[in-house]
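In what follows, a structure is listed as structure tokens, so that the remarks can point back to it.
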Amino acid sequence: MLGSRGGGRSAALPAAAFLLVLLLLVPVQLVVDPPGLLLERFLPGAGWLELVLAGLYAAWLTRKMLDPRLAPRWRHRLWTIFTVVFFAQLIIGLLGAERFLMTGDLHLPIPALIIAGPLFRGGGLFMPILFGATVLLVGPAWCSHLCYIGAWDHWAARLGRRRPGTPAGNRHRVQWAVLLLVVGAALLLRLLGVSGMAAGVLAAAFGLFSVGVMLAVSRRRGQMAHCSGFCPLGLVATWAGRINPFRVKLGPGCTRCGACTSACRYGALQDEDLAAGGPGRGCTLCGDCLQRCREGHLGYAFPGLGAGASRSLFIVMVVVLHASFLVVARM
């Protein structure tokens, strides 16, 4: 069986999370100017305290996430914490405290702009590089753990009653169309010399339409329609994320009872996916399906590791990224 019930609570894993956070944040504290750690901007030297606290938080959260029974609940919580902190910093920065912003300049918090922004500006690759590094480390888990907008879609979907998902082919065709539209619009606006203000208004309209998709479709269907069928960055994450070796695998003996299908709000475990032997390309490695499989046929997989070890490694990696992103000044 592929179940992850043997993940365990080894003290080595929280310790590893603590050390990895320090490994990521010490260079930020030493090199980045203006300071990348938020507390350092208000009190010189306080960044060192902040990075230690971030490491301790990662160790504590790793312990919580390692319990298979609690993991879905804590994933939702860490995602909520991240998006609340993210937008709180943005709002405070917009109210005049520019030290809460990474550069002091406003960048609209719309995932599609991670692609479109650099194309329009002809530069500014920090967010694409950060996104690419995340995909390399944890694959499409950006969409289920680290995206500041994805949590909104999750909240909207939880308000609705789950209904059968849209066939994957149809969802992906829409996403491809939106991706081409976003890329084409960014290049055209740059070619026409459109001002940043005008481009920002168009981007804001796109963002509002995205929220409308969440409220009108995700909430009605009980599925994350925005993330799995509209967001162009979600398409990039799930396709480019295949270069990452982490997977959710379906073991032999599956009876296709549908328990995992009802648990997956990304629509990645439809009947056709189960018939094909595992989650479809819409899988974001959220792991919500694992505990819904009564026979333990679902589990994380990583080359050379068993299901329990694969799950533990994945949790450490995604918690480390979450804790590190949480304390870095942004926007």
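A note on labels: chains of the structure tokens are A, B, ... as shown, every chain counts residues from 1, and ligands are counted from 1 in their shown order.
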
Worksheet entry | Near-stretch 16-31 of chain A list (10 Å; only C-alpha atoms; drop same-chain fewer than 4 positions) as a count of residues only | 39

Worksheet item: Contacts of A:Ile110 at 8 Å or less, counting only C-alpha atoms, minus same-chain residues fewer than 6 places along, as a list in words?
Response: Ile149, Ala203 and Gly207 of chain A

Excluding A:Val178 and any residue of its chain fewer than 3 positions from it, enumerate the residues within 8 Å of it, using only C-alpha atoms, and give them as a compact mmCIF listing (two decimals) with C-alpha atoms, in the first residue's frame.
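Written file, around-v5.txt:
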```txt
# COMPACT_ATOMS: atom_id res chain seq x y z
CA VAL A 174 -9.39 27.49 -21.15
CA GLN A 175 -6.13 27.90 -19.22
CA LEU A 181 -4.09 36.09 -23.93
CA VAL A 182 -1.99 37.29 -20.98
CA PHE A 230 -8.49 29.68 -15.36
CA CYS A 231 -5.23 30.84 -13.76
CA PRO A 232 -2.40 30.79 -16.35
```

Worksheet item: Among stretch 156-290 of chain A, which ones does DSSP place in alpha helix (DSSP H), written as a ChimeraX atom specification?
Response: /A:156-159,168-191,196-213,219-221,225-229,232-240,259-263,271-276

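Residues in contact with A:Phe86 at 12 Å, where only C-alpha atoms are counted and same-chain residues fewer than 5 positions away are skipped, are listed as A:Trp79, A:Thr80, A:Ile81, A:Ile91, A:Ile92, A:Gly93, A:Phe100, A:Leu101, A:Met102, A:Pro109, A:Leu146, A:Cys147, A:Tyr148, A:Ile149, A:Ala151, A:His322, A:Phe325, A:Leu326, A:Val327, A:Val328, A:Ala329, A:Arg330, A:Met331.
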
Could those selected residues go to a file with N, CA and C atoms, as a PDB file, in the first residue's frame?
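After the write, again.pdb holds the following:
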```
ATOM      1  N   TRP A  79      -1.648  27.998   4.752  1.00  0.00           N
ATOM      2  CA  TRP A  79      -1.976  28.752   3.534  1.00  0.00           C
ATOM      3  C   TRP A  79      -2.703  30.038   3.893  1.00  0.00           C
ATOM      4  N   THR A  80      -3.643  29.937   4.844  1.00  0.00           N
ATOM      5  CA  THR A  80      -4.374  31.121   5.289  1.00  0.00           C
ATOM      6  C   THR A  80      -3.437  32.116   5.965  1.00  0.00           C
ATOM      7  N   ILE A  81      -2.556  31.612   6.824  1.00  0.00           N
ATOM      8  CA  ILE A  81      -1.581  32.485   7.479  1.00  0.00           C
ATOM      9  C   ILE A  81      -0.756  33.234   6.439  1.00  0.00           C
ATOM     10  N   ILE A  91      -1.370  46.031   2.352  1.00  0.00           N
ATOM     11  CA  ILE A  91      -2.275  47.105   2.787  1.00  0.00           C
ATOM     12  C   ILE A  91      -1.540  48.134   3.635  1.00  0.00           C
ATOM     13  N   ILE A  92      -0.712  47.645   4.562  1.00  0.00           N
ATOM     14  CA  ILE A  92       0.052  48.567   5.406  1.00  0.00           C
ATOM     15  C   ILE A  92       0.999  49.403   4.551  1.00  0.00           C
ATOM     16  N   GLY A  93       1.633  48.761   3.570  1.00  0.00           N
ATOM     17  CA  GLY A  93       2.523  49.490   2.675  1.00  0.00           C
ATOM     18  C   GLY A  93       1.789  50.551   1.880  1.00  0.00           C
ATOM     19  N   PHE A 100       7.316  48.168   4.416  1.00  0.00           N
ATOM     20  CA  PHE A 100       6.681  46.860   4.307  1.00  0.00           C
ATOM     21  C   PHE A 100       6.702  46.334   2.876  1.00  0.00           C
ATOM     22  N   LEU A 101       7.085  47.163   1.913  1.00  0.00           N
ATOM     23  CA  LEU A 101       7.137  46.752   0.523  1.00  0.00           C
ATOM     24  C   LEU A 101       8.576  46.459   0.135  1.00  0.00           C
ATOM     25  N   MET A 102       8.740  45.482  -0.753  1.00  0.00           N
ATOM     26  CA  MET A 102      10.087  45.041  -1.103  1.00  0.00           C
ATOM     27  C   MET A 102      10.912  46.164  -1.709  1.00  0.00           C
ATOM     28  N   PRO A 109      -0.822  42.255  -6.852  1.00  0.00           N
ATOM     29  CA  PRO A 109      -0.691  40.871  -6.402  1.00  0.00           C
ATOM     30  C   PRO A 109      -1.586  39.921  -7.194  1.00  0.00           C
ATOM     31  N   LEU A 146       1.527  27.925  -1.440  1.00  0.00           N
ATOM     32  CA  LEU A 146       2.301  29.160  -1.411  1.00  0.00           C
ATOM     33  C   LEU A 146       1.722  30.306  -2.224  1.00  0.00           C
ATOM     34  N   CYS A 147       0.715  30.050  -3.022  1.00  0.00           N
ATOM     35  CA  CYS A 147       0.137  31.121  -3.840  1.00  0.00           C
ATOM     36  C   CYS A 147      -0.752  32.009  -2.984  1.00  0.00           C
ATOM     37  N   TYR A 148      -0.514  33.303  -3.008  1.00  0.00           N
ATOM     38  CA  TYR A 148      -1.243  34.238  -2.148  1.00  0.00           C
ATOM     39  C   TYR A 148      -2.699  34.403  -2.571  1.00  0.00           C
ATOM     40  N   ILE A 149      -3.027  34.079  -3.825  1.00  0.00           N
ATOM     41  CA  ILE A 149      -4.411  34.181  -4.300  1.00  0.00           C
ATOM     42  C   ILE A 149      -5.124  32.830  -4.225  1.00  0.00           C
ATOM     43  N   ALA A 151      -5.406  30.671  -1.973  1.00  0.00           N
ATOM     44  CA  ALA A 151      -6.180  30.461  -0.748  1.00  0.00           C
ATOM     45  C   ALA A 151      -7.580  31.049  -0.878  1.00  0.00           C
ATOM     46  N   HIS A 322       7.454  27.881   2.936  1.00  0.00           N
ATOM     47  CA  HIS A 322       6.398  28.692   3.545  1.00  0.00           C
ATOM     48  C   HIS A 322       6.963  29.619   4.619  1.00  0.00           C
ATOM     49  N   PHE A 325       9.272  32.367   3.019  1.00  0.00           N
ATOM     50  CA  PHE A 325       8.532  33.403   2.297  1.00  0.00           C
ATOM     51  C   PHE A 325       7.754  34.296   3.265  1.00  0.00           C
ATOM     52  N   LEU A 326       7.326  33.715   4.376  1.00  0.00           N
ATOM     53  CA  LEU A 326       6.475  34.432   5.308  1.00  0.00           C
ATOM     54  C   LEU A 326       7.167  35.655   5.904  1.00  0.00           C
ATOM     55  N   VAL A 327       8.471  35.569   6.126  1.00  0.00           N
ATOM     56  CA  VAL A 327       9.161  36.635   6.854  1.00  0.00           C
ATOM     57  C   VAL A 327       9.918  37.589   5.956  1.00  0.00           C
ATOM     58  N   VAL A 328       9.893  37.354   4.647  1.00  0.00           N
ATOM     59  CA  VAL A 328      10.614  38.223   3.740  1.00  0.00           C
ATOM     60  C   VAL A 328       9.698  39.352   3.289  1.00  0.00           C
ATOM     61  N   ALA A 329      10.204  40.562   3.313  1.00  0.00           N
ATOM     62  CA  ALA A 329       9.430  41.709   2.820  1.00  0.00           C
ATOM     63  C   ALA A 329       9.095  41.480   1.360  1.00  0.00           C
ATOM     64  N   ARG A 330       7.892  41.861   0.963  1.00  0.00           N
ATOM     65  CA  ARG A 330       7.474  41.562  -0.395  1.00  0.00           C
ATOM     66  C   ARG A 330       6.654  42.703  -0.997  1.00  0.00           C
ATOM     67  N   MET A 331       6.204  42.459  -2.215  1.00  0.00           N
ATOM     68  CA  MET A 331       5.390  43.409  -2.985  1.00  0.00           C
ATOM     69  C   MET A 331       6.235  44.615  -3.392  1.00  0.00           C
TER      70      MET A 331
END
```

Spatial neighbours of A:Pro279, max dist 9 Å, only C-alpha atoms, sep filter under 2 positions, as a CSV table (one decimal) with N, CA and C atoms, in the first residue's frame:
```csv
chain,number,residue,atom,x,y,z
A,247,ARG,N,5.6,13.2,-6.6
A,247,ARG,CA,4.3,12.8,-7.2
A,247,ARG,C,3.4,12.3,-6.1
A,248,VAL,N,2.1,12.3,-6.4
A,248,VAL,CA,1.1,11.5,-5.6
A,248,VAL,C,0.8,10.3,-6.5
A,249,LYS,N,1.0,9.2,-5.9
A,249,LYS,CA,0.8,7.9,-6.7
A,249,LYS,C,-0.4,7.1,-6.2
A,250,LEU,N,-1.0,6.4,-7.1
A,250,LEU,CA,-2.1,5.5,-6.8
A,250,LEU,C,-1.6,4.1,-6.9
A,267,GLY,N,-9.9,18.9,-9.0
A,267,GLY,CA,-10.5,18.1,-10.1
A,267,GLY,C,-9.4,17.2,-10.7
A,268,ALA,N,-8.4,16.7,-10.0
A,268,ALA,CA,-7.3,15.9,-10.5
A,268,ALA,C,-7.5,14.4,-10.3
A,269,LEU,N,-8.6,14.0,-9.7
A,269,LEU,CA,-8.9,12.6,-9.5
A,269,LEU,C,-10.3,12.2,-10.0
A,270,GLN,N,-10.6,12.6,-11.2
A,270,GLN,CA,-11.8,12.2,-11.8
A,270,GLN,C,-11.8,10.8,-12.3
A,273,ASP,N,-9.0,9.8,-14.5
A,273,ASP,CA,-7.7,9.8,-13.9
A,273,ASP,C,-7.5,8.5,-13.1
A,274,LEU,N,-8.5,8.1,-12.4
A,274,LEU,CA,-8.4,6.8,-11.6
A,274,LEU,C,-8.2,5.6,-12.6
A,276,ALA,N,-6.8,5.8,-15.4
A,276,ALA,CA,-5.4,5.9,-16.0
A,276,ALA,C,-4.3,5.5,-14.9
A,277,GLY,N,-4.7,5.4,-13.6
A,277,GLY,CA,-3.8,4.9,-12.6
A,277,GLY,C,-3.2,6.0,-11.7
A,281,ARG,N,-3.0,15.9,-14.5
A,281,ARG,CA,-2.0,17.0,-14.5
A,281,ARG,C,-2.4,18.1,-13.6
A,282,GLY,N,-3.7,18.1,-13.2
A,282,GLY,CA,-4.1,19.2,-12.3
A,282,GLY,C,-3.7,19.0,-10.9
A,283,CYS,N,-3.1,17.9,-10.6
A,283,CYS,CA,-2.6,17.6,-9.2
A,283,CYS,C,-1.6,18.6,-8.7
```

Pick out the residues sitting within 12 Å of A:Leu113, and hand them over as a PDB file with N, CA and C atoms, in the first residue's frame; count only C-alpha atoms, and ignore anything fewer than 4 positions along from it in its own chain.
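As written to disk, out-v4.pdb reads:
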```
ATOM      1  N   HIS A 107       3.418  46.502  -6.984  1.00  0.00           N
ATOM      2  CA  HIS A 107       3.243  45.468  -8.001  1.00  0.00           C
ATOM      3  C   HIS A 107       1.950  44.741  -7.653  1.00  0.00           C
ATOM      4  N   LEU A 108       0.995  44.773  -8.562  1.00  0.00           N
ATOM      5  CA  LEU A 108      -0.306  44.189  -8.267  1.00  0.00           C
ATOM      6  C   LEU A 108      -0.169  42.704  -7.922  1.00  0.00           C
ATOM      7  N   PRO A 109      -0.822  42.255  -6.852  1.00  0.00           N
ATOM      8  CA  PRO A 109      -0.691  40.871  -6.402  1.00  0.00           C
ATOM      9  C   PRO A 109      -1.586  39.921  -7.194  1.00  0.00           C
ATOM     10  N   GLY A 117       4.171  40.634 -16.134  1.00  0.00           N
ATOM     11  CA  GLY A 117       4.903  41.818 -15.693  1.00  0.00           C
ATOM     12  C   GLY A 117       6.260  41.980 -16.345  1.00  0.00           C
ATOM     13  N   PRO A 118       7.139  40.980 -16.257  1.00  0.00           N
ATOM     14  CA  PRO A 118       8.453  41.118 -16.897  1.00  0.00           C
ATOM     15  C   PRO A 118       8.366  41.287 -18.413  1.00  0.00           C
ATOM     16  N   LEU A 119       7.369  40.661 -19.050  1.00  0.00           N
ATOM     17  CA  LEU A 119       7.213  40.819 -20.499  1.00  0.00           C
ATOM     18  C   LEU A 119       6.855  42.254 -20.844  1.00  0.00           C
ATOM     19  N   PHE A 120       6.013  42.868 -20.030  1.00  0.00           N
ATOM     20  CA  PHE A 120       5.618  44.259 -20.285  1.00  0.00           C
ATOM     21  C   PHE A 120       6.751  45.225 -19.952  1.00  0.00           C
ATOM     22  N   ARG A 121       7.401  45.003 -18.812  1.00  0.00           N
ATOM     23  CA  ARG A 121       8.441  45.937 -18.361  1.00  0.00           C
ATOM     24  C   ARG A 121       9.774  45.708 -19.052  1.00  0.00           C
ATOM     25  N   GLY A 124      12.736  42.896 -14.406  1.00  0.00           N
ATOM     26  CA  GLY A 124      12.071  42.567 -13.156  1.00  0.00           C
ATOM     27  C   GLY A 124      11.797  41.081 -13.042  1.00  0.00           C
ATOM     28  N   LEU A 125      12.849  40.307 -12.934  1.00  0.00           N
ATOM     29  CA  LEU A 125      12.713  38.851 -12.980  1.00  0.00           C
ATOM     30  C   LEU A 125      12.701  38.194 -11.600  1.00  0.00           C
ATOM     31  N   PHE A 126      12.621  38.995 -10.536  1.00  0.00           N
ATOM     32  CA  PHE A 126      12.699  38.398  -9.201  1.00  0.00           C
ATOM     33  C   PHE A 126      11.596  37.368  -8.977  1.00  0.00           C
ATOM     34  N   MET A 127      10.348  37.745  -9.252  1.00  0.00           N
ATOM     35  CA  MET A 127       9.235  36.831  -8.996  1.00  0.00           C
ATOM     36  C   MET A 127       9.257  35.615  -9.921  1.00  0.00           C
ATOM     37  N   PRO A 128       9.541  35.748 -11.227  1.00  0.00           N
ATOM     38  CA  PRO A 128       9.668  34.539 -12.045  1.00  0.00           C
ATOM     39  C   PRO A 128      10.762  33.600 -11.555  1.00  0.00           C
ATOM     40  N   PHE A 131       9.423  31.947  -8.393  1.00  0.00           N
ATOM     41  CA  PHE A 131       8.433  30.946  -8.774  1.00  0.00           C
ATOM     42  C   PHE A 131       9.115  29.716  -9.374  1.00  0.00           C
ATOM     43  N   LEU A 179      -3.597  31.914 -20.867  1.00  0.00           N
ATOM     44  CA  LEU A 179      -2.148  32.120 -20.874  1.00  0.00           C
ATOM     45  C   LEU A 179      -1.713  32.854 -22.137  1.00  0.00           C
ATOM     46  N   VAL A 182      -2.802  36.505 -21.906  1.00  0.00           N
ATOM     47  CA  VAL A 182      -1.990  37.294 -20.983  1.00  0.00           C
ATOM     48  C   VAL A 182      -0.632  37.621 -21.602  1.00  0.00           C
ATOM     49  N   VAL A 183       0.010  36.621 -22.172  1.00  0.00           N
ATOM     50  CA  VAL A 183       1.323  36.841 -22.794  1.00  0.00           C
ATOM     51  C   VAL A 183       1.198  37.797 -23.979  1.00  0.00           C
ATOM     52  N   ALA A 185      -1.156  40.004 -24.620  1.00  0.00           N
ATOM     53  CA  ALA A 185      -1.526  41.357 -24.194  1.00  0.00           C
ATOM     54  C   ALA A 185      -0.319  42.099 -23.633  1.00  0.00           C
ATOM     55  N   ALA A 186       0.502  41.408 -22.833  1.00  0.00           N
ATOM     56  CA  ALA A 186       1.678  42.065 -22.249  1.00  0.00           C
ATOM     57  C   ALA A 186       2.641  42.529 -23.333  1.00  0.00           C
ATOM     58  N   ALA A 199      -1.642  50.081 -18.153  1.00  0.00           N
ATOM     59  CA  ALA A 199      -1.452  48.628 -18.066  1.00  0.00           C
ATOM     60  C   ALA A 199      -1.886  48.112 -16.706  1.00  0.00           C
ATOM     61  N   GLY A 200      -1.620  48.911 -15.658  1.00  0.00           N
ATOM     62  CA  GLY A 200      -2.028  48.510 -14.318  1.00  0.00           C
ATOM     63  C   GLY A 200      -3.536  48.434 -14.176  1.00  0.00           C
ATOM     64  N   LEU A 202      -5.646  47.682 -16.590  1.00  0.00           N
ATOM     65  CA  LEU A 202      -6.053  46.449 -17.269  1.00  0.00           C
ATOM     66  C   LEU A 202      -5.741  45.224 -16.409  1.00  0.00           C
ATOM     67  N   ALA A 203      -4.580  45.256 -15.768  1.00  0.00           N
ATOM     68  CA  ALA A 203      -4.210  44.138 -14.896  1.00  0.00           C
ATOM     69  C   ALA A 203      -5.166  44.023 -13.717  1.00  0.00           C
ATOM     70  N   ALA A 204      -5.547  45.166 -13.149  1.00  0.00           N
ATOM     71  CA  ALA A 204      -6.490  45.150 -12.033  1.00  0.00           C
ATOM     72  C   ALA A 204      -7.841  44.595 -12.471  1.00  0.00           C
ATOM     73  N   PHE A 206      -8.305  42.414 -14.828  1.00  0.00           N
ATOM     74  CA  PHE A 206      -8.110  40.971 -14.947  1.00  0.00           C
ATOM     75  C   PHE A 206      -8.183  40.311 -13.571  1.00  0.00           C
ATOM     76  N   GLY A 207      -7.562  40.952 -12.572  1.00  0.00           N
ATOM     77  CA  GLY A 207      -7.605  40.415 -11.217  1.00  0.00           C
ATOM     78  C   GLY A 207      -9.014  40.357 -10.664  1.00  0.00           C
ATOM     79  N   CYS A 231      -6.502  30.168 -14.051  1.00  0.00           N
ATOM     80  CA  CYS A 231      -5.230  30.844 -13.763  1.00  0.00           C
ATOM     81  C   CYS A 231      -4.108  30.351 -14.679  1.00  0.00           C
ATOM     82  N   PRO A 232      -3.490  31.233 -15.461  1.00  0.00           N
ATOM     83  CA  PRO A 232      -2.403  30.794 -16.345  1.00  0.00           C
ATOM     84  C   PRO A 232      -1.169  30.345 -15.584  1.00  0.00           C
ATOM     85  N   LEU A 233      -0.910  30.938 -14.417  1.00  0.00           N
ATOM     86  CA  LEU A 233       0.247  30.500 -13.638  1.00  0.00           C
ATOM     87  C   LEU A 233       0.018  29.098 -13.087  1.00  0.00           C
TER      88      LEU A 233
END
```

Discussion item. Write out as a ChimeraX atom specification the set of residues from stretch 198-276 of chain A that DSSP, computed on the backbone, places in strand (DSSP E or B).
Written reply: /A:247-250

Store the residues picked out above, limited to C-alpha atoms, as a PDB file, in the first residue's frame.
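Below is the file result.pdb, written as the result:
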```pdb
ATOM      1  CA  ARG A 247       4.317  12.785  -7.155  1.00  0.00           C
ATOM      2  CA  VAL A 248       1.098  11.540  -5.610  1.00  0.00           C
ATOM      3  CA  LYS A 249       0.798   7.918  -6.705  1.00  0.00           C
ATOM      4  CA  LEU A 250      -2.126   5.516  -6.792  1.00  0.00           C
TER       5      LEU A 250
END
```

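With only C-alpha atoms as the basis for measurement, A:Gly150 is the residue among A:Gly212, A:Gly150, A:Gly251, A:Gly234 that approaches A:Thr83 most closely.
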
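If only C-alpha atoms are the atoms counted, then among A:Ala116, A:Thr238, A:Glu272, A:Phe302 the closest residue to A:Phe314 is A:Phe302.
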
Worksheet, complete the sentence: As a check of understanding: the span from atom CA of A:Trp155 to atom CA of A:Arg265 is 10.8 Å

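You will find atom CA of A:Ala15 at 22.1 Å from atom CA of A:Ala141.
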
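The smallest atom-to-atom distance between A:Gly253 and any of A:Ala97, A:Met65, A:Leu235, A:Ala275, using only C-alpha atoms, is found for A:Ala275.
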
Fill in: Residue neighbourhood A:Cys293, 9 Å, only C-alpha atoms, exclusion window fewer than 3 positions, as a PyMOL selection string
chain A and resi 3+257-260+289-290+296-298

Any chance you could export the current selection's C-alpha atoms as a PDB file, in the first residue's frame?
```pdb
ATOM      1  CA  GLY A   3      -0.395   5.080   2.488  1.00  0.00           C
ATOM      2  CA  CYS A 257     -14.826   4.182  -4.760  1.00  0.00           C
ATOM      3  CA  GLY A 258     -14.626   7.936  -5.400  1.00  0.00           C
ATOM      4  CA  ALA A 259     -13.613   8.987  -1.889  1.00  0.00           C
ATOM      5  CA  CYS A 260     -10.473  10.682  -3.188  1.00  0.00           C
ATOM      6  CA  CYS A 289      -6.874  12.934  -0.827  1.00  0.00           C
ATOM      7  CA  LEU A 290      -4.487  10.690   1.113  1.00  0.00           C
ATOM      8  CA  GLY A 296      -4.255   3.589   1.864  1.00  0.00           C
ATOM      9  CA  HIS A 297      -3.682   3.259  -1.877  1.00  0.00           C
ATOM     10  CA  LEU A 298      -2.649   6.907  -2.288  1.00  0.00           C
TER      11      LEU A 298
END
```

Worksheet, complete the sentence: Restricting to only C-alpha atoms, whichever of A:Arg219, A:Lys64, A:His226, A:Arg171 is closest to A:Gly280 is A:Arg171

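The closest residue to A:Gly299, picked from A:Pro140, A:Pro68, A:Gly196, A:Pro34 and counting only C-alpha atoms, is A:Pro68.
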
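Shortest atom-to-atom contact with A:Leu159 among A:Val236, A:Met224, A:Val32, A:Val84: A:Met224, counting only C-alpha atoms.
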
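As for atom CA of A:Pro111 and atom CA of A:Arg173, they are spaced 18.7 Å apart.
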